[in-house]
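What follows is the content of work_32.cif (mmCIF, C-alpha atoms).
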data_start
loop_
_atom_site.label_atom_id
_atom_site.label_comp_id
_atom_site.auth_asym_id
_atom_site.auth_seq_id
_atom_site.Cartn_x
_atom_site.Cartn_y
_atom_site.Cartn_z
CA MET M 1 96.23 117.31 96.32
CA ASN M 2 99.11 115.29 97.86
CA GLN M 3 100.56 114.65 94.41
CA PRO M 4 103.48 116.83 93.21
CA ILE M 5 102.36 120.15 91.78
CA VAL M 6 103.06 120.35 88.04
CA PRO M 7 102.39 123.88 86.76
CA PRO M 8 101.15 124.42 83.20
CA PRO M 9 103.91 125.25 80.70
CA ASN M 10 105.37 128.73 81.29
CA TYR M 11 103.62 129.07 84.66
CA LYS M 12 104.84 128.77 88.23
CA PHE M 13 102.97 127.80 91.38
CA VAL M 14 102.56 130.72 93.81
CA ALA M 15 99.76 129.92 96.27
CA ARG M 16 96.98 127.55 97.28
CA TRP M 17 93.64 127.84 99.06
CA THR M 18 91.46 125.61 101.19
CA GLY M 19 87.75 125.09 101.75
CA TRP M 20 85.48 123.70 104.42
CA ASP M 21 84.19 120.44 103.00
CA ALA M 22 80.70 120.39 104.48
CA ILE M 23 79.76 117.81 101.84
CA LEU M 24 81.47 115.20 103.97
CA PHE M 25 79.46 113.97 106.96
CA LEU M 26 81.79 115.28 109.66
CA GLY M 27 83.23 118.19 107.71
CA SER M 28 86.93 118.79 107.14
CA VAL M 29 89.39 121.37 105.87
CA GLU M 30 90.47 120.38 102.35
CA LYS M 31 92.99 121.76 99.85
CA TYR M 32 90.83 122.97 97.00
CA GLY M 33 92.87 125.02 94.59
CA LEU M 34 96.14 126.33 93.24
CA LEU M 35 97.21 129.71 91.92
CA PHE M 36 99.70 129.86 89.05
CA GLU M 37 101.47 132.94 87.68
CA SER M 38 102.72 133.23 84.11
CA SER M 39 106.52 133.31 83.89
CA VAL M 40 106.43 134.95 80.44
CA ASP M 41 103.54 137.38 80.96
CA PRO M 42 103.72 138.73 84.53
CA GLY M 43 100.31 139.68 85.83
CA THR M 44 98.55 136.73 84.20
CA TYR M 45 97.22 134.18 86.70
CA ILE M 46 95.33 130.89 86.66
CA PHE M 47 92.98 130.05 89.52
CA ALA M 48 92.57 126.25 89.33
CA PHE M 49 89.95 124.43 91.44
CA ARG M 50 90.37 120.70 92.01
CA GLY M 51 87.72 118.18 91.04
CA THR M 52 86.40 114.76 91.97
CA ASP M 53 87.88 112.61 89.22
CA SER M 54 88.38 109.52 91.36
CA ASP M 55 85.49 109.81 93.80
CA MET M 56 82.07 109.93 92.21
CA ASP M 57 80.44 109.02 95.54
CA ILE M 58 80.75 112.64 96.64
CA TYR M 59 77.72 113.51 94.52
CA GLU M 60 75.55 111.19 96.61
CA ASP M 61 76.10 113.55 99.54
CA VAL M 62 75.90 116.94 97.83
CA HIS M 63 73.14 119.16 99.18
CA PHE M 64 71.23 120.34 96.11
CA GLU M 65 68.63 122.23 98.13
CA THR M 66 69.20 125.83 97.12
CA VAL M 67 70.45 128.76 99.17
CA ASP M 68 70.84 132.43 98.27
CA PHE M 69 74.11 133.44 96.62
CA VAL M 70 75.40 136.65 98.22
CA PRO M 71 78.38 138.36 96.51
CA SER M 72 81.42 139.47 98.47
CA ALA M 73 80.61 143.09 97.60
CA GLY M 74 77.87 144.89 95.71
CA SER M 75 74.49 143.36 94.96
CA VAL M 76 72.77 141.27 92.32
CA THR M 77 69.17 141.03 91.12
CA PRO M 78 67.45 138.64 90.99
CA THR M 79 68.96 136.81 93.95
CA PRO M 80 70.72 133.73 92.54
CA HIS M 81 69.69 130.39 94.04
CA VAL M 82 72.54 127.85 94.09
CA ALA M 83 73.20 124.38 95.48
CA GLY M 84 73.78 124.62 99.21
CA GLY M 85 76.51 121.98 99.10
CA PHE M 86 78.65 123.88 96.59
CA TYR M 87 78.00 127.24 98.24
CA GLY M 88 78.87 125.78 101.64
CA VAL M 89 82.33 124.79 100.41
CA TYR M 90 82.83 128.24 98.89
CA ASN M 91 81.43 130.37 101.70
CA SER M 92 81.89 128.45 104.97
CA LYS M 93 84.83 127.97 107.28
CA GLY M 94 85.49 125.46 110.02
CA GLY M 95 88.23 123.65 111.89
CA ASP M 96 91.35 125.81 111.99
CA MET M 97 90.35 127.95 109.00
CA VAL M 98 90.87 131.67 109.53
CA GLN M 99 89.22 132.62 106.23
CA SER M 100 86.58 130.98 104.07
CA MET M 101 87.51 129.90 100.56
CA ARG M 102 85.99 133.05 99.09
CA GLU M 103 87.90 135.24 101.57
CA GLN M 104 91.15 133.50 100.67
CA LEU M 105 90.49 133.99 96.95
CA PHE M 106 89.80 137.70 97.28
CA ALA M 107 92.86 138.08 99.53
CA LEU M 108 94.95 136.54 96.74
CA LEU M 109 93.50 139.07 94.30
CA THR M 110 94.60 141.87 96.62
CA GLN M 111 98.03 140.34 97.17
CA TYR M 112 98.94 139.69 93.53
CA SER M 113 96.91 142.37 91.66
CA PRO M 114 96.48 140.33 88.46
CA LYS M 115 96.09 141.98 85.06
CA GLN M 116 94.54 138.89 83.41
CA ILE M 117 92.67 136.08 85.19
CA TYR M 118 91.94 132.59 83.96
CA ILE M 119 89.65 130.47 86.12
CA THR M 120 89.27 126.74 85.68
CA GLY M 121 88.08 123.62 87.45
CA HIS M 122 86.85 120.08 86.91
CA SER M 123 83.65 118.51 88.27
CA LEU M 124 83.11 119.90 91.78
CA GLY M 125 85.95 122.31 91.04
CA ALA M 126 84.07 123.50 87.95
CA ALA M 127 81.05 124.33 90.09
CA LEU M 128 83.21 126.26 92.55
CA SER M 129 84.95 128.07 89.68
CA GLN M 130 81.60 129.40 88.46
CA LEU M 131 80.67 130.67 91.93
CA PHE M 132 83.98 132.55 92.05
CA THR M 133 83.52 133.88 88.52
CA LEU M 134 80.14 135.45 89.27
CA ASP M 135 81.35 136.74 92.64
CA LEU M 136 84.33 138.38 90.94
CA ALA M 137 82.18 139.89 88.18
CA ILE M 138 79.82 141.49 90.71
CA SER M 139 82.30 142.42 93.45
CA LYS M 140 85.07 143.73 91.15
CA PRO M 141 83.20 144.50 87.92
CA THR M 142 85.85 146.70 86.27
CA SER M 143 88.97 145.03 87.63
CA VAL M 144 90.66 142.85 84.97
CA PRO M 145 89.75 140.56 82.04
CA VAL M 146 88.44 137.20 83.27
CA LEU M 147 87.99 133.97 81.32
CA ASN M 148 86.47 130.83 82.86
CA ILE M 149 87.02 127.50 81.10
CA ASN M 150 85.60 124.67 83.17
CA PHE M 151 85.28 120.93 82.63
CA ALA M 152 82.51 118.39 83.35
CA SER M 153 80.57 120.71 85.64
CA PRO M 154 77.33 119.75 87.34
CA MET M 155 74.62 122.40 87.29
CA VAL M 156 75.21 124.98 90.02
CA GLY M 157 71.92 126.84 90.37
CA THR M 158 68.44 127.58 89.11
CA SER M 159 67.00 130.06 86.62
CA ASN M 160 67.74 133.09 88.84
CA TRP M 161 71.36 131.96 88.99
CA LYS M 162 71.46 131.75 85.20
CA THR M 163 69.85 135.19 84.82
CA ALA M 164 72.41 136.76 87.15
CA TYR M 165 75.33 134.88 85.60
CA ASP M 166 74.38 135.70 82.02
CA ALA M 167 73.89 139.38 82.91
CA ASN M 168 77.36 139.69 84.46
CA VAL M 169 79.50 137.11 82.64
CA PRO M 170 79.40 137.08 78.80
CA ALA M 171 78.89 133.59 77.38
CA ALA M 172 82.16 133.92 75.46
CA ASN M 173 83.99 134.44 78.77
CA SER M 174 82.67 131.28 80.45
CA ILE M 175 82.93 127.98 78.58
CA ARG M 176 81.72 124.57 79.80
CA CYS M 177 83.60 121.69 78.20
CA TYR M 178 81.85 118.37 78.74
CA ASN M 179 81.30 114.85 77.45
CA TYR M 180 77.80 114.13 76.11
CA TRP M 181 77.99 110.64 77.66
CA ASP M 182 79.07 111.84 81.11
CA TYR M 183 76.30 111.80 83.72
CA VAL M 184 77.71 114.50 86.03
CA PRO M 185 76.77 117.52 83.84
CA SER M 186 73.12 116.37 84.11
CA LEU M 187 73.17 116.62 87.92
CA PRO M 188 71.12 117.29 89.91
CA PRO M 189 68.14 115.16 88.82
CA SER M 190 64.97 117.02 87.85
CA GLU M 191 63.33 116.49 91.24
CA PHE M 192 65.41 119.53 92.20
CA LEU M 193 63.38 121.93 90.11
CA GLY M 194 64.80 124.66 87.92
CA TYR M 195 68.50 123.79 87.71
CA THR M 196 70.20 124.91 84.51
CA SER M 197 73.67 125.32 83.03
CA VAL M 198 75.37 128.68 82.45
CA GLY M 199 77.91 130.03 79.99
CA GLY M 200 78.73 128.71 76.56
CA GLY M 201 78.96 124.97 76.00
CA PHE M 202 81.56 122.88 74.15
CA ARG M 203 80.35 119.30 73.69
CA THR M 204 82.47 116.21 73.09
CA ALA M 205 81.37 112.55 72.98
CA PHE M 206 83.51 109.64 74.20
CA TYR M 207 83.08 106.34 76.03
CA VAL M 208 84.82 103.01 76.59
CA LYS M 209 84.86 101.16 73.27
CA GLY M 210 82.82 97.96 73.37
CA GLU M 211 81.59 98.54 76.92
CA TRP M 212 78.55 96.55 77.98
CA PHE M 213 78.02 98.58 81.14
CA VAL M 214 78.75 102.22 81.86
CA HIS M 215 82.28 103.20 82.94
CA GLU M 216 81.33 106.57 84.38
CA LEU M 217 84.76 107.38 85.83
CA SER M 218 86.25 106.99 82.35
CA ARG M 219 83.55 109.19 80.83
CA HIS M 220 84.09 111.81 83.53
CA SER M 221 87.91 111.77 83.56
CA ILE M 222 89.52 115.17 83.05
CA VAL M 223 92.51 113.52 81.33
CA ASN M 224 90.29 111.69 78.85
CA LEU M 225 88.36 114.90 78.20
CA GLN M 226 91.57 116.85 77.63
CA THR M 227 92.80 114.16 75.22
CA VAL M 228 89.69 114.57 73.09
CA LEU M 229 89.89 118.37 73.25
CA THR M 230 93.55 118.33 72.21
CA HIS M 231 92.58 116.45 69.05
CA ALA M 232 89.34 118.34 68.37
CA LEU M 233 90.26 121.98 68.89
CA PRO M 234 92.62 122.36 65.89
CA LEU M 235 89.98 120.91 63.54
CA ASN M 236 87.17 122.60 61.62
CA PRO M 237 84.60 121.69 62.77
CA GLN M 238 86.07 121.07 66.21
CA GLU M 239 85.01 117.42 66.44
CA TRP M 240 87.27 114.38 66.55
CA THR M 241 86.66 110.73 65.76
CA GLY M 242 89.34 108.37 67.01
CA THR M 243 90.52 106.06 69.77
CA PHE M 244 92.96 106.44 72.65
CA PRO M 245 93.96 104.59 75.87
CA ASP M 246 91.66 105.10 78.84
CA TYR M 247 93.47 107.09 81.54
CA VAL M 248 91.43 105.37 84.26
CA ASP M 249 92.30 101.87 83.01
CA PRO M 250 94.89 101.83 80.20
CA SER M 251 93.87 98.27 79.29
CA ARG M 252 90.66 99.75 77.89
CA THR M 253 90.25 101.80 74.72
CA MET M 254 88.24 105.01 74.57
CA GLN M 255 86.17 105.84 71.49
CA SER M 256 85.59 109.49 70.54
CA ASN M 257 82.88 110.33 68.01
CA ASP M 258 81.27 113.48 66.67
CA PRO M 259 78.92 114.65 69.45
CA PRO M 260 75.18 114.21 68.85
CA SER M 261 73.43 117.41 67.80
CA THR M 262 70.30 116.52 69.77
CA ALA M 263 69.32 118.14 73.05
CA LYS M 264 71.22 116.99 76.11
CA VAL M 265 69.86 113.93 77.90
CA ALA M 266 68.82 114.03 81.56
CA TRP M 267 71.13 111.14 82.41
CA ALA M 268 70.70 111.66 86.15
CA ASP M 269 66.96 111.04 85.75
CA LYS M 270 67.66 107.87 83.74
CA VAL M 271 69.90 106.61 86.53
CA ARG M 272 67.14 107.33 89.03
CA GLU M 273 64.73 105.28 86.91
CA LEU M 274 67.15 102.36 86.90
CA LYS M 275 67.62 102.64 90.66
CA ALA M 276 63.85 102.63 91.18
CA PHE M 277 63.60 99.48 89.06
CA GLU M 278 66.32 97.81 91.15
CA GLU M 279 64.46 98.69 94.35
CA LYS M 280 61.29 97.07 93.02
CA VAL M 281 63.24 93.91 92.23
CA LEU M 282 64.71 93.88 95.73
CA GLU M 283 61.28 94.34 97.27
CA ALA M 284 60.02 91.33 95.33
CA VAL M 285 62.83 89.06 96.54
#

Take the structure in the file and write it out as structure tokens.
Amino acid sequence: MNQPIVPPPNYKFVARWTGWDAILFLGSVEKYGLLFESSVDPGTYIFAFRGTDSDMDIYEDVHFETVDFVPSAGSVTPTPHVAGGFYGVYNSKGGDMVQSMREQLFALLTQYSPKQIYITGHSLGAALSQLFTLDLAISKPTSVPVLNINFASPMVGTSNWKTAYDANVPAANSIRCYNYWDYVPSLPPSEFLGYTSVGGGFRTAFYVKGEWFVHELSRHSIVNLQTVLTHALPLNPQEWTGTFPDYVDPSRTMQSNDPPSTAKVAWADKVRELKAFEEKVLEAV
């Protein structure tokens, strides 16, 4: 978040919010999101949550043990169960924070009184964007139109979370864009029982051309994903086959293909199997 802020075309930056990063061992206050206002359609706002594009190690420390999701106002049945690590960032405060992330977000709603809300995020930011989307739907159910488009999101909660989300957020108003070959959308591994995705899904499929080992950062990159989406969305069907430079390492070439129509793969479980095999080899040394 130390990089210059570049608003989307026809938008201007108006505010930011922070969160208490309990995922880190010691905890710290982090800049987590930006609010943009349309310069051509006053009253239209984008709430953008930052992701983890360059630091995949964060997922080694995420607490996937579930906690109860409690909305800012109103009530929800059944009680959604969500990852404690994500909810801690959204709901907690520490250090010099006066308000939690959720309190800051709802204060911004009061301050700017939007007429149309777009919510987005990548990776960890995608998970946080979905927490905010459900909270907004329950706490301000008749306020304004809301559309969530998130990218490369891990799974946020279990079946009760999905039931509550689907009941309050139409699938057409919450879209997950992801790469079939990216491991993050398959997190957490199945040892954390009951986790599932929410909203509608838009699948792409891209990887480093000719790779002989997995380049996960390239598969997870928001810029690479947006490149594929830019090519695919105008087409019918919305699938694109082609190559382009890897944003993570421009010396490499990315290959985009039509996404497989088969069920999604539990990549996180496959990685666990590989890790278990490595541990057996180490034990034998």

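With all atoms listed in the file as the basis for measurement, M:Glu103 is the residue among M:Glu65, M:Asp246, M:Glu103, M:Asp258 that approaches Trp17 in chain M most closely.
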
Residue among M:Phe132, M:Phe213, M:Phe64, M:Trp20 lying closest to Val98 in chain M, counting only C-alpha atoms: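 Using only C-alpha atoms, Val98 in chain M sits closest to M:Trp20.
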
Students should find that CA of Gln111 in chain M and CA of Gly43 in chain M are spaced 11.6 Å

My list of candidates is M:Val62, M:Leu108, M:Met101, M:Leu235. Which is closest to Ile46 in chain M when distances are computed with all atoms listed in the file? M:Leu108

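Comparing the minimum interatomic distances between Phe47 in chain M and each of M:Arg272, M:Lys12, M:Lys140, M:His81, counting all atoms listed in the file, we find that M:Lys12 sits nearest.
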
I'd like to know which of M:Ser72, M:Thr158, M:Asn257, M:Gln116 is closest to Thr204 in chain M, using all atoms listed in the file.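 Ranking M:Ser72, M:Thr158, M:Asn257, M:Gln116 by distance to Thr204 in chain M, first place goes to M:Asn257.
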
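Proximity to Tyr90 in chain M at 8 Å, evaluated using all atoms listed in the file and with sequence-adjacent residues fewer than 6 positions away removed, yields Gly19, Trp20, Ser100, Met101, Arg102, Leu128 and Leu131 of chain M.
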
How would you write, as a count of residues only, the residues chosen by the PyMOL selection byres ((chain M and resi 36-42) around 10) on this structure? 24

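When all atoms listed in the file are used to compute distances to Gly85 in chain M, the closest of the residues M:Val6, M:Val184, M:Ala152, M:Val67 turns out to be M:Val67.
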
For CA of Pro71 in chain M and CA of Pro154 in chain M, determine how far apart the two atoms are, in Å to one decimal place. 20.8 Å

Selection: 7 Å around Val82 in chain M, all atoms listed in the file, excl. self and same-chain fewer than 4 positions, as a PyMOL selection string: chain M and resi 66-69+87+156-158+161

Excluding Ser174 in chain M and any residue of its chain fewer than 4 positions from it, enumerate the residues within 6 Å of it, using only C-alpha atoms, and give them as a PDB file with C-alpha atoms, keeping the file's coordinate frame.
ATOM      1  CA  ASN M 148      86.470 130.830  82.860  1.00  0.00           C
ATOM      2  CA  ILE M 149      87.020 127.500  81.100  1.00  0.00           C
ATOM      3  CA  GLY M 199      77.910 130.030  79.990  1.00  0.00           C
TER       4      GLY M 199
END

For the file shown, what are the residues hit by the PyMOL selection byres ((chain M and resi 247-249) around 12), laid out as a PyMOL selection string? chain M and resi 53-54+207-208+215-228+244-246+250-254

Can you tell me which residues surround Val265 in chain M at a distance of at most 9 Å, considering only C-alpha atoms, apart from same-chain residues fewer than 5 positions away, and format the answer as a VMD selection string? chain M and resid 180 to 181 183 186 270

Which value, in Å to one decimal, gives the distance between CA of Pro234 in chain M and CA of Leu147 in chain M?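 Straight-line distance from CA of Pro234 in chain M to CA of Leu147 in chain M works out to 19.9 Å.
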
Can you turn the PyMOL selection byres ((chain M and resi 78) around 6) into a concrete residue list for this file, as an mmCIF file with C-alpha atoms, in the coordinates of the input?
data_model
loop_
_atom_site.group_PDB
_atom_site.id
_atom_site.type_symbol
_atom_site.label_atom_id
_atom_site.label_comp_id
_atom_site.auth_asym_id
_atom_site.auth_seq_id
_atom_site.Cartn_x
_atom_site.Cartn_y
_atom_site.Cartn_z
ATOM 1 C CA THR M 77 69.170 141.030 91.120
ATOM 2 C CA THR M 79 68.960 136.810 93.950
ATOM 3 C CA ASN M 160 67.740 133.090 88.840
#

Residues at most 10 Å from Leu136 in chain M, counting all atoms listed in the file, excluding those fewer than 2 positions away in the same chain, as an mmCIF file with C-alpha atoms, in the frame of the given file?
data_model
loop_
_atom_site.group_PDB
_atom_site.id
_atom_site.type_symbol
_atom_site.label_atom_id
_atom_site.label_comp_id
_atom_site.auth_asym_id
_atom_site.auth_seq_id
_atom_site.Cartn_x
_atom_site.Cartn_y
_atom_site.Cartn_z
ATOM 1 C CA PRO M 71 78.380 138.360 96.510
ATOM 2 C CA SER M 72 81.420 139.470 98.470
ATOM 3 C CA ALA M 73 80.610 143.090 97.600
ATOM 4 C CA ARG M 102 85.990 133.050 99.090
ATOM 5 C CA LEU M 105 90.490 133.990 96.950
ATOM 6 C CA PHE M 106 89.800 137.700 97.280
ATOM 7 C CA LEU M 109 93.500 139.070 94.300
ATOM 8 C CA GLN M 130 81.600 129.400 88.460
ATOM 9 C CA LEU M 131 80.670 130.670 91.930
ATOM 10 C CA PHE M 132 83.980 132.550 92.050
ATOM 11 C CA THR M 133 83.520 133.880 88.520
ATOM 12 C CA LEU M 134 80.140 135.450 89.270
ATOM 13 C CA ILE M 138 79.820 141.490 90.710
ATOM 14 C CA SER M 139 82.300 142.420 93.450
ATOM 15 C CA LYS M 140 85.070 143.730 91.150
ATOM 16 C CA PRO M 141 83.200 144.500 87.920
ATOM 17 C CA THR M 142 85.850 146.700 86.270
ATOM 18 C CA SER M 143 88.970 145.030 87.630
ATOM 19 C CA VAL M 144 90.660 142.850 84.970
ATOM 20 C CA VAL M 146 88.440 137.200 83.270
ATOM 21 C CA ASN M 168 77.360 139.690 84.460
ATOM 22 C CA VAL M 169 79.500 137.110 82.640
#

File for range 154-198 of chain M (C-alpha atoms), as a PDB file, in the first residue's frame:
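Done, and the output landed in part03.pdb:
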ATOM      1  CA  PRO M 154      -9.879 -18.602  -0.633  1.00  0.00           C
ATOM      2  CA  MET M 155     -12.968 -20.139   0.937  1.00  0.00           C
ATOM      3  CA  VAL M 156     -14.225 -17.986   3.804  1.00  0.00           C
ATOM      4  CA  GLY M 157     -16.604 -20.211   5.760  1.00  0.00           C
ATOM      5  CA  THR M 158     -18.548 -23.440   6.067  1.00  0.00           C
ATOM      6  CA  SER M 159     -22.001 -24.555   4.948  1.00  0.00           C
ATOM      7  CA  ASN M 160     -23.816 -22.248   7.407  1.00  0.00           C
ATOM      8  CA  TRP M 161     -21.861 -19.339   5.958  1.00  0.00           C
ATOM      9  CA  LYS M 162     -22.936 -20.348   2.458  1.00  0.00           C
ATOM     10  CA  THR M 163     -26.574 -20.716   3.532  1.00  0.00           C
ATOM     11  CA  ALA M 164     -26.589 -17.246   5.080  1.00  0.00           C
ATOM     12  CA  TYR M 165     -24.699 -15.680   2.175  1.00  0.00           C
ATOM     13  CA  ASP M 166     -26.902 -17.224  -0.510  1.00  0.00           C
ATOM     14  CA  ALA M 167     -30.051 -16.160   1.361  1.00  0.00           C
ATOM     15  CA  ASN M 168     -28.961 -12.522   1.572  1.00  0.00           C
ATOM     16  CA  VAL M 169     -26.723 -11.974  -1.466  1.00  0.00           C
ATOM     17  CA  PRO M 170     -28.030 -13.106  -4.895  1.00  0.00           C
ATOM     18  CA  ALA M 171     -25.467 -15.144  -6.827  1.00  0.00           C
ATOM     19  CA  ALA M 172     -25.628 -12.613  -9.663  1.00  0.00           C
ATOM     20  CA  ASN M 173     -24.526  -9.895  -7.219  1.00  0.00           C
ATOM     21  CA  SER M 174     -21.406 -11.709  -5.995  1.00  0.00           C
ATOM     22  CA  ILE M 175     -18.987 -13.110  -8.564  1.00  0.00           C
ATOM     23  CA  ARG M 176     -15.766 -15.036  -7.856  1.00  0.00           C
ATOM     24  CA  CYS M 177     -13.238 -14.766 -10.677  1.00  0.00           C
ATOM     25  CA  TYR M 178     -10.466 -17.330 -10.357  1.00  0.00           C
ATOM     26  CA  ASN M 179      -7.844 -19.385 -12.166  1.00  0.00           C
ATOM     27  CA  TYR M 180      -8.501 -23.134 -12.271  1.00  0.00           C
ATOM     28  CA  TRP M 181      -4.756 -23.751 -11.789  1.00  0.00           C
ATOM     29  CA  ASP M 182      -4.409 -21.425  -8.788  1.00  0.00           C
ATOM     30  CA  TYR M 183      -4.149 -23.225  -5.441  1.00  0.00           C
ATOM     31  CA  VAL M 184      -5.472 -20.410  -3.218  1.00  0.00           C
ATOM     32  CA  PRO M 185      -9.186 -20.812  -4.121  1.00  0.00           C
ATOM     33  CA  SER M 186      -8.943 -24.412  -2.835  1.00  0.00           C
ATOM     34  CA  LEU M 187      -7.859 -23.252   0.632  1.00  0.00           C
ATOM     35  CA  PRO M 188      -8.285 -24.334   3.334  1.00  0.00           C
ATOM     36  CA  PRO M 189      -7.447 -28.041   2.918  1.00  0.00           C
ATOM     37  CA  SER M 190     -10.233 -30.516   3.638  1.00  0.00           C
ATOM     38  CA  GLU M 191      -8.999 -31.255   7.162  1.00  0.00           C
ATOM     39  CA  PHE M 192     -10.918 -28.083   8.009  1.00  0.00           C
ATOM     40  CA  LEU M 193     -14.308 -29.647   7.441  1.00  0.00           C
ATOM     41  CA  GLY M 194     -17.191 -28.035   5.612  1.00  0.00           C
ATOM     42  CA  TYR M 195     -15.575 -25.060   3.876  1.00  0.00           C
ATOM     43  CA  THR M 196     -17.265 -24.012   0.651  1.00  0.00           C
ATOM     44  CA  SER M 197     -17.304 -21.153  -1.846  1.00  0.00           C
ATOM     45  CA  VAL M 198     -20.131 -18.623  -2.170  1.00  0.00           C
TER      46      VAL M 198
END
